[in-house]
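The structure appears right after this line, and notes come after that.
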Amino acid sequence: MVNVSLVLYHPDEQQVSSLVDTLLQAKRVRKVFLIDNSPISSENLAKLKGKVKYIWNKGKNLGYGAAHNIAIRESVYWKTAFHLVMNADIEVKAEDIDILHDFIAKQPAIGSLMPKVVYPSGETQYLCKLLPTPLDVFGRRFLPQWLIRRRNERYELRDSGYNKLMNVPYLSGCFMFLRTEAVLKARLFDERYFMYPEDVDLTRTIHRDYLTVFFPDVTIVHHHAKESYKNKRLLWIHIINMCRYFNKWGWIFDRERRLFNQLTLADLHKNTQKMPKI
């Protein structure tokens, strides 16, 4: 079974309710956690019953990873085998949740699984990445696109075609189908990040002991707003937290980054649909 957590901040109640209804139709979903970081609680979402648990953090915005950790700890406590971390702006079919569950359940080497993610237009979102260098992160924001284009395509593994199984060290936090024991071994999300790099931090930590896999047989829709590209406050938060990430793992010298990236690229060049080896 799988528990699901959504972290909310000034949520669109209709959107969240619709997503919860879909999730509860999945046969493998045990419980849905709504973790609300908003200043004011949502009376309508708090009234949802059954397999839904609404948690308001009393007006404290704990950040993305810290809020999800509240629900992940419940999965650990109740020994729920899997935990799905996802954004509220995702469209997914109930049967696809079950497909993802059954696939990872049969593959004990997999610690994290992400499906193919597209925009509402159907265009692919390139969310499978190498572990970032400072140039990858800051260059794509502040350098001319013509100068950084080829490096960015390599960073986002675009040459893979996004049409086969891939063992990738950085999978987006918008939809992380996690093996609970793998997350526990990784010590959950690092709560020093308020938001943004917590997904790369967690994926690379899980990647040390498990496969972290892109699964293209399931496609979901993500209404990705890229808010930090529009909001100066969020951009500053992004910069601060990326600095924390590089302070932790290394700005220039990061042997694990180099090793994981080399192995990922070598594996992709084999051009195989088979399960990658750990």
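Naming works like this for the structure tokens: A, B, ... for the chains as they're shown, residue 1 at the start of each chain, ligands 1 onward in shown order.
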Legend entry - Selection near Asp190 of chain A, 8 Å with only C-alpha atoms, sequence-local residues under 6 positions removed, as a list of chain:residue names: A:Gly65, A:Ala66, A:Glu198, A:Asp201, A:Leu202
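Across A:Ala67, A:Ile220, A:Leu62, A:Ala109, the tightest approach to Ile35 of chain A is made by A:Ala67 when counting only C-alpha atoms.
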Inset, instruction - Pick out each residue of segment 81-134 of chain A that DSSP on the backbone tags as strand (DSSP E or B); I need them as a PyMOL selection string. - result: chain A and resi 82-86+90-91+110-118+124+128-129
Write the residues of the selection above to a file with all heavy atoms, as a compact mmCIF listing (two decimals), in the first residue's frame.
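And here is the file that came out, part_39.txt:
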```txt
# COMPACT_ATOMS: atom_id res chain seq x y z
N PHE A 82 5.13 2.12 0.94
CA PHE A 82 5.50 3.18 -0.01
C PHE A 82 4.85 4.50 0.37
O PHE A 82 3.80 4.54 1.02
CB PHE A 82 5.09 2.78 -1.43
CG PHE A 82 5.67 1.46 -1.87
CD1 PHE A 82 4.89 0.31 -1.85
CD2 PHE A 82 7.00 1.37 -2.27
CE1 PHE A 82 5.43 -0.91 -2.22
CE2 PHE A 82 7.54 0.16 -2.65
CZ PHE A 82 6.76 -0.99 -2.62
N HIS A 83 5.51 5.57 -0.06
CA HIS A 83 4.98 6.91 0.20
C HIS A 83 5.15 7.75 -1.04
O HIS A 83 6.25 7.87 -1.59
CB HIS A 83 5.70 7.57 1.38
CG HIS A 83 5.05 8.83 1.83
ND1 HIS A 83 4.16 8.89 2.89
CD2 HIS A 83 5.11 10.10 1.34
CE1 HIS A 83 3.72 10.12 3.03
NE2 HIS A 83 4.28 10.89 2.09
N LEU A 84 4.06 8.37 -1.47
CA LEU A 84 4.07 9.21 -2.67
C LEU A 84 4.05 10.68 -2.27
O LEU A 84 3.11 11.16 -1.64
CB LEU A 84 2.87 8.88 -3.55
CG LEU A 84 2.62 9.79 -4.76
CD1 LEU A 84 3.83 9.87 -5.67
CD2 LEU A 84 1.39 9.32 -5.54
N VAL A 85 5.12 11.38 -2.62
CA VAL A 85 5.23 12.82 -2.45
C VAL A 85 4.83 13.46 -3.77
O VAL A 85 5.40 13.14 -4.81
CB VAL A 85 6.67 13.22 -2.07
CG1 VAL A 85 6.88 14.72 -2.23
CG2 VAL A 85 6.99 12.79 -0.65
N MET A 86 3.86 14.37 -3.74
CA MET A 86 3.45 14.98 -5.00
C MET A 86 2.93 16.40 -4.79
O MET A 86 2.53 16.78 -3.70
CB MET A 86 2.39 14.13 -5.70
CG MET A 86 1.08 13.97 -4.96
SD MET A 86 -0.10 12.88 -5.83
CE MET A 86 -0.42 13.81 -7.33
N ILE A 90 -0.88 18.46 -9.92
CA ILE A 90 -0.66 17.28 -10.76
C ILE A 90 -1.99 16.69 -11.18
O ILE A 90 -2.94 16.64 -10.40
CB ILE A 90 0.14 16.21 -9.99
CG1 ILE A 90 1.56 16.70 -9.69
CG2 ILE A 90 0.16 14.89 -10.72
CD1 ILE A 90 2.50 16.73 -10.86
N GLU A 91 -2.06 16.22 -12.42
CA GLU A 91 -3.18 15.41 -12.90
C GLU A 91 -2.68 14.00 -13.12
O GLU A 91 -1.73 13.78 -13.87
CB GLU A 91 -3.74 15.97 -14.22
CG GLU A 91 -4.41 17.32 -14.11
CD GLU A 91 -4.94 17.80 -15.46
OE1 GLU A 91 -5.33 16.94 -16.28
OE2 GLU A 91 -4.95 19.02 -15.69
N ILE A 110 14.58 -0.75 -6.31
CA ILE A 110 14.17 0.62 -6.60
C ILE A 110 13.78 1.33 -5.31
O ILE A 110 12.93 0.86 -4.56
CB ILE A 110 12.99 0.67 -7.59
CG1 ILE A 110 13.40 0.06 -8.94
CG2 ILE A 110 12.52 2.12 -7.80
CD1 ILE A 110 12.27 0.05 -9.96
N GLY A 111 14.38 2.49 -5.07
CA GLY A 111 14.04 3.29 -3.90
C GLY A 111 13.13 4.45 -4.22
O GLY A 111 12.40 4.94 -3.34
N SER A 112 13.16 4.91 -5.48
CA SER A 112 12.34 6.05 -5.89
C SER A 112 11.96 5.88 -7.36
O SER A 112 12.78 5.45 -8.17
CB SER A 112 13.10 7.36 -5.69
OG SER A 112 12.34 8.47 -6.12
N LEU A 113 10.72 6.25 -7.67
CA LEU A 113 10.20 6.07 -9.03
C LEU A 113 9.46 7.33 -9.45
O LEU A 113 8.70 7.91 -8.68
CB LEU A 113 9.23 4.88 -9.04
CG LEU A 113 8.75 4.35 -10.39
CD1 LEU A 113 9.90 3.71 -11.17
CD2 LEU A 113 7.64 3.31 -10.18
N MET A 114 9.73 7.79 -10.69
CA MET A 114 9.02 8.95 -11.23
C MET A 114 8.53 8.63 -12.63
O MET A 114 9.29 8.11 -13.46
CB MET A 114 9.94 10.18 -11.29
CG MET A 114 9.22 11.46 -11.73
SD MET A 114 10.34 12.89 -11.96
CE MET A 114 11.03 12.48 -13.57
N PRO A 115 7.26 8.92 -12.93
CA PRO A 115 6.74 8.69 -14.28
C PRO A 115 7.15 9.80 -15.22
O PRO A 115 7.83 10.75 -14.84
CB PRO A 115 5.22 8.70 -14.05
CG PRO A 115 5.04 9.67 -12.92
CD PRO A 115 6.23 9.45 -12.02
N LYS A 116 6.73 9.68 -16.48
CA LYS A 116 6.95 10.76 -17.44
C LYS A 116 6.02 11.91 -17.07
O LYS A 116 4.85 11.70 -16.74
CB LYS A 116 6.65 10.29 -18.85
CG LYS A 116 6.98 11.31 -19.92
CD LYS A 116 6.84 10.72 -21.32
CE LYS A 116 7.24 11.74 -22.37
NZ LYS A 116 7.17 11.16 -23.75
N VAL A 117 6.53 13.13 -17.12
CA VAL A 117 5.77 14.31 -16.73
C VAL A 117 5.66 15.24 -17.93
O VAL A 117 6.66 15.54 -18.59
CB VAL A 117 6.44 15.05 -15.56
CG1 VAL A 117 5.57 16.21 -15.09
CG2 VAL A 117 6.70 14.09 -14.39
N VAL A 118 4.45 15.69 -18.22
CA VAL A 118 4.23 16.59 -19.35
C VAL A 118 3.46 17.83 -18.90
O VAL A 118 2.81 17.83 -17.86
CB VAL A 118 3.46 15.89 -20.50
CG1 VAL A 118 4.22 14.68 -21.01
CG2 VAL A 118 2.05 15.50 -20.06
N THR A 124 6.86 17.44 -23.19
CA THR A 124 7.61 16.78 -22.12
C THR A 124 8.28 17.79 -21.19
O THR A 124 8.84 18.79 -21.64
CB THR A 124 8.71 15.87 -22.72
OG1 THR A 124 8.09 14.85 -23.52
CG2 THR A 124 9.54 15.21 -21.62
N CYS A 128 14.35 14.65 -15.45
CA CYS A 128 15.41 13.71 -15.10
C CYS A 128 16.73 14.43 -15.33
O CYS A 128 17.02 14.85 -16.46
CB CYS A 128 15.34 12.47 -15.98
SG CYS A 128 13.83 11.51 -15.83
N LYS A 129 17.53 14.56 -14.31
CA LYS A 129 18.74 15.37 -14.44
C LYS A 129 19.96 14.69 -13.84
O LYS A 129 19.84 13.79 -13.00
CB LYS A 129 18.54 16.72 -13.74
CG LYS A 129 17.40 17.58 -14.29
CD LYS A 129 17.34 18.91 -13.57
CE LYS A 129 16.23 19.81 -14.09
NZ LYS A 129 14.89 19.36 -13.63
```
Legend entry - Nearest residue to Arg154 of chain A from the set A:Arg255, A:Asp12, A:Gln262, A:Thr205 (distances using only C-alpha atoms): A:Gln262
Inset, instruction - Give me, please, the distance in Å between atom CA of Thr264 of chain A and atom CA of Leu135 of chain A, quoted to one decimal. - result: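 Going from atom CA of Thr264 of chain A over to atom CA of Leu135 of chain A covers 19.0 Å.
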Inset, instruction - Would you mind listing what lies within 10 Å of segment 70-79 of chain A as a PyMOL selection string, with only C-alpha atoms counted and same-chain residues fewer than 6 positions away left out? - result: chain A and resi 1-7+30-35+53+55+85+178+180-181+183-184+188-189
Requested write-out: C-alpha atoms of the selected residues, as a PDB file, in the first residue's frame:
```
ATOM      1  CA  MET A   1       0.000   0.000   0.000  1.00  0.00           C
ATOM      2  CA  VAL A   2       0.994   3.633  -0.450  1.00  0.00           C
ATOM      3  CA  ASN A   3       0.331   6.818   1.505  1.00  0.00           C
ATOM      4  CA  VAL A   4       0.217  10.117  -0.367  1.00  0.00           C
ATOM      5  CA  SER A   5       1.135  13.584   0.890  1.00  0.00           C
ATOM      6  CA  LEU A   6       0.333  16.988  -0.590  1.00  0.00           C
ATOM      7  CA  VAL A   7       1.923  20.127   0.852  1.00  0.00           C
ATOM      8  CA  ARG A  30      -4.083   3.710   2.019  1.00  0.00           C
ATOM      9  CA  LYS A  31      -4.268   7.338   3.174  1.00  0.00           C
ATOM     10  CA  VAL A  32      -3.918  10.867   1.790  1.00  0.00           C
ATOM     11  CA  PHE A  33      -2.237  13.517   3.955  1.00  0.00           C
ATOM     12  CA  LEU A  34      -2.900  17.204   3.338  1.00  0.00           C
ATOM     13  CA  ILE A  35      -0.165  19.214   5.056  1.00  0.00           C
ATOM     14  CA  LYS A  53      -5.958  13.443   7.128  1.00  0.00           C
ATOM     15  CA  ILE A  55      -2.912  18.777   9.123  1.00  0.00           C
ATOM     16  CA  VAL A  85       5.225  12.822  -2.447  1.00  0.00           C
ATOM     17  CA  LEU A 178       9.218   6.407  -2.650  1.00  0.00           C
ATOM     18  CA  THR A 180       9.538   4.028   2.729  1.00  0.00           C
ATOM     19  CA  GLU A 181      12.532   2.050   3.959  1.00  0.00           C
ATOM     20  CA  VAL A 183      13.541   7.281   2.598  1.00  0.00           C
ATOM     21  CA  LEU A 184      14.089   6.267   6.210  1.00  0.00           C
ATOM     22  CA  LEU A 188      13.927  11.812   5.089  1.00  0.00           C
ATOM     23  CA  PHE A 189      14.050  15.259   3.489  1.00  0.00           C
TER      24      PHE A 189
END
```
Extract, using only C-alpha atoms, all DNA, RNA and protein residues at most 12 Å from Asp21 of chain A, discarding same-chain residues fewer than 5 positions from it, and format them as a compact mmCIF listing (two decimals) with N, CA and C atoms, in the first residue's frame.
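And here's out.txt as it stands now:
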```txt
# COMPACT_ATOMS: atom_id res chain seq x y z
N GLN A 14 -10.83 23.54 -4.72
CA GLN A 14 -11.49 22.69 -5.70
C GLN A 14 -10.49 21.77 -6.39
N GLN A 15 -9.32 22.32 -6.72
CA GLN A 15 -8.27 21.53 -7.37
C GLN A 15 -7.80 20.42 -6.44
N VAL A 16 -7.59 20.76 -5.17
CA VAL A 16 -7.11 19.76 -4.22
C VAL A 16 -8.16 18.69 -3.98
N ALA A 26 -7.78 5.01 -6.31
CA ALA A 26 -6.71 4.04 -6.55
C ALA A 26 -6.80 2.93 -5.50
N VAL A 29 -3.96 2.98 -2.64
CA VAL A 29 -3.79 4.13 -1.74
C VAL A 29 -4.41 3.82 -0.38
N LYS A 31 -3.88 6.09 2.52
CA LYS A 31 -4.27 7.34 3.17
C LYS A 31 -3.66 8.52 2.42
N VAL A 32 -4.39 9.64 2.41
CA VAL A 32 -3.92 10.87 1.79
C VAL A 32 -3.74 11.91 2.88
N LEU A 45 -11.26 21.77 3.31
CA LEU A 45 -10.36 20.62 3.24
C LEU A 45 -10.30 19.89 4.57
N LEU A 48 -12.83 17.02 4.97
CA LEU A 48 -12.72 15.78 4.21
C LEU A 48 -12.53 14.60 5.17
N LYS A 49 -13.29 13.56 4.94
CA LYS A 49 -13.29 12.43 5.86
C LYS A 49 -12.71 11.18 5.19
N GLY A 50 -12.83 10.08 5.90
CA GLY A 50 -12.39 8.80 5.36
C GLY A 50 -10.88 8.66 5.43
N LYS A 51 -10.28 8.34 4.29
CA LYS A 51 -8.85 8.07 4.23
C LYS A 51 -8.03 9.35 4.01
N VAL A 52 -8.57 10.48 4.47
CA VAL A 52 -7.89 11.77 4.32
C VAL A 52 -7.56 12.33 5.70
N GLU A 91 -2.06 16.22 -12.42
CA GLU A 91 -3.18 15.41 -12.90
C GLU A 91 -2.68 14.00 -13.12
N VAL A 92 -3.31 13.05 -12.44
CA VAL A 92 -2.89 11.65 -12.55
C VAL A 92 -4.14 10.77 -12.51
N LYS A 93 -4.10 9.65 -13.20
CA LYS A 93 -5.21 8.71 -13.18
C LYS A 93 -5.04 7.74 -12.02
N ALA A 94 -6.16 7.35 -11.43
CA ALA A 94 -6.11 6.43 -10.29
C ALA A 94 -5.42 5.12 -10.67
```
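Here atom CA of Arg233 of chain A stands at a distance of 22.9 Å from atom CA of Lys248 of chain A.
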Inset, instruction - May I have all residues of segment 21-205 of chain A that DSSP, computed from the backbone, assigns to helix (DSSP H, G or I), given as a PyMOL selection string? - result: chain A and resi 21-25+43-46+64-77+94-105+134-142+145-155+158-160+180-185+198-205
Just C-alpha atoms for this one: save the residues we selected as a PDB file, in the first residue's frame.
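New file selection.pdb:
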```
ATOM      1  CA  ASP A  21     -11.036  12.151  -5.082  1.00  0.00           C
ATOM      2  CA  THR A  22      -8.861  10.679  -7.830  1.00  0.00           C
ATOM      3  CA  LEU A  23      -6.245   9.393  -5.403  1.00  0.00           C
ATOM      4  CA  LEU A  24      -8.873   7.695  -3.245  1.00  0.00           C
ATOM      5  CA  GLN A  25     -10.093   5.779  -6.293  1.00  0.00           C
ATOM      6  CA  GLU A  43     -12.311  24.661   6.624  1.00  0.00           C
ATOM      7  CA  ASN A  44     -13.457  22.810   3.503  1.00  0.00           C
ATOM      8  CA  LEU A  45     -10.363  20.620   3.238  1.00  0.00           C
ATOM      9  CA  ALA A  46     -10.411  20.005   6.984  1.00  0.00           C
ATOM     10  CA  TYR A  64       8.254  21.773   1.331  1.00  0.00           C
ATOM     11  CA  GLY A  65      10.456  18.982   2.646  1.00  0.00           C
ATOM     12  CA  ALA A  66       9.775  19.551   6.339  1.00  0.00           C
ATOM     13  CA  ALA A  67       6.022  19.474   5.744  1.00  0.00           C
ATOM     14  CA  HIS A  68       6.207  16.255   3.719  1.00  0.00           C
ATOM     15  CA  ASN A  69       8.310  14.713   6.481  1.00  0.00           C
ATOM     16  CA  ILE A  70       5.298  14.972   8.803  1.00  0.00           C
ATOM     17  CA  ALA A  71       3.396  12.554   6.579  1.00  0.00           C
ATOM     18  CA  ILE A  72       6.421  10.375   5.780  1.00  0.00           C
ATOM     19  CA  ARG A  73       6.939   9.783   9.501  1.00  0.00           C
ATOM     20  CA  GLU A  74       3.357   8.499   9.651  1.00  0.00           C
ATOM     21  CA  SER A  75       4.178   6.040   6.858  1.00  0.00           C
ATOM     22  CA  VAL A  76       7.258   4.930   8.770  1.00  0.00           C
ATOM     23  CA  TYR A  77       5.291   4.555  12.018  1.00  0.00           C
ATOM     24  CA  ALA A  94      -6.109   6.428 -10.290  1.00  0.00           C
ATOM     25  CA  GLU A  95      -5.126   3.337 -12.279  1.00  0.00           C
ATOM     26  CA  ASP A  96      -1.684   4.827 -12.927  1.00  0.00           C
ATOM     27  CA  ILE A  97      -1.050   5.072  -9.187  1.00  0.00           C
ATOM     28  CA  ASP A  98      -1.728   1.342  -9.004  1.00  0.00           C
ATOM     29  CA  ILE A  99       0.554   0.633 -11.976  1.00  0.00           C
ATOM     30  CA  LEU A 100       3.412   2.541 -10.363  1.00  0.00           C
ATOM     31  CA  HIS A 101       2.814   0.788  -7.052  1.00  0.00           C
ATOM     32  CA  ASP A 102       2.812  -2.676  -8.574  1.00  0.00           C
ATOM     33  CA  PHE A 103       5.948  -1.994 -10.613  1.00  0.00           C
ATOM     34  CA  ILE A 104       8.063  -0.718  -7.714  1.00  0.00           C
ATOM     35  CA  ALA A 105       6.691  -3.421  -5.406  1.00  0.00           C
ATOM     36  CA  PRO A 134      26.880  25.564  -9.768  1.00  0.00           C
ATOM     37  CA  LEU A 135      27.142  26.361 -13.486  1.00  0.00           C
ATOM     38  CA  ASP A 136      24.168  24.108 -14.273  1.00  0.00           C
ATOM     39  CA  VAL A 137      21.989  25.820 -11.672  1.00  0.00           C
ATOM     40  CA  PHE A 138      22.986  29.449 -11.995  1.00  0.00           C
ATOM     41  CA  GLY A 139      24.009  29.399 -15.647  1.00  0.00           C
ATOM     42  CA  ARG A 140      20.563  28.418 -16.883  1.00  0.00           C
ATOM     43  CA  ARG A 141      19.101  31.411 -15.032  1.00  0.00           C
ATOM     44  CA  PHE A 142      21.617  34.147 -15.566  1.00  0.00           C
ATOM     45  CA  GLN A 145      20.419  30.582 -23.462  1.00  0.00           C
ATOM     46  CA  TRP A 146      22.474  30.231 -26.639  1.00  0.00           C
ATOM     47  CA  LEU A 147      25.595  29.970 -24.503  1.00  0.00           C
ATOM     48  CA  ILE A 148      24.245  27.391 -22.054  1.00  0.00           C
ATOM     49  CA  ARG A 149      21.855  25.467 -24.350  1.00  0.00           C
ATOM     50  CA  ARG A 150      23.981  22.399 -25.097  1.00  0.00           C
ATOM     51  CA  ARG A 151      25.138  22.061 -21.491  1.00  0.00           C
ATOM     52  CA  ASN A 152      21.535  22.354 -20.288  1.00  0.00           C
ATOM     53  CA  GLU A 153      20.408  19.629 -22.714  1.00  0.00           C
ATOM     54  CA  ARG A 154      23.084  17.326 -21.312  1.00  0.00           C
ATOM     55  CA  TYR A 155      22.115  18.244 -17.737  1.00  0.00           C
ATOM     56  CA  ARG A 158      17.450  15.206 -23.390  1.00  0.00           C
ATOM     57  CA  ASP A 159      19.434  12.889 -25.667  1.00  0.00           C
ATOM     58  CA  SER A 160      17.840   9.938 -23.867  1.00  0.00           C
ATOM     59  CA  THR A 180       9.538   4.028   2.729  1.00  0.00           C
ATOM     60  CA  GLU A 181      12.532   2.050   3.959  1.00  0.00           C
ATOM     61  CA  ALA A 182      14.738   3.862   1.418  1.00  0.00           C
ATOM     62  CA  VAL A 183      13.541   7.281   2.598  1.00  0.00           C
ATOM     63  CA  LEU A 184      14.089   6.267   6.210  1.00  0.00           C
ATOM     64  CA  LYS A 185      17.627   5.120   5.399  1.00  0.00           C
ATOM     65  CA  GLU A 198      15.369  19.089  -1.248  1.00  0.00           C
ATOM     66  CA  ASP A 199      14.430  16.753  -4.114  1.00  0.00           C
ATOM     67  CA  VAL A 200      17.942  16.493  -5.582  1.00  0.00           C
ATOM     68  CA  ASP A 201      19.350  16.079  -2.063  1.00  0.00           C
ATOM     69  CA  LEU A 202      16.990  13.210  -1.244  1.00  0.00           C
ATOM     70  CA  THR A 203      17.272  11.491  -4.623  1.00  0.00           C
ATOM     71  CA  ARG A 204      21.076  11.446  -4.594  1.00  0.00           C
ATOM     72  CA  THR A 205      21.097  10.083  -1.036  1.00  0.00           C
TER      73      THR A 205
END
```
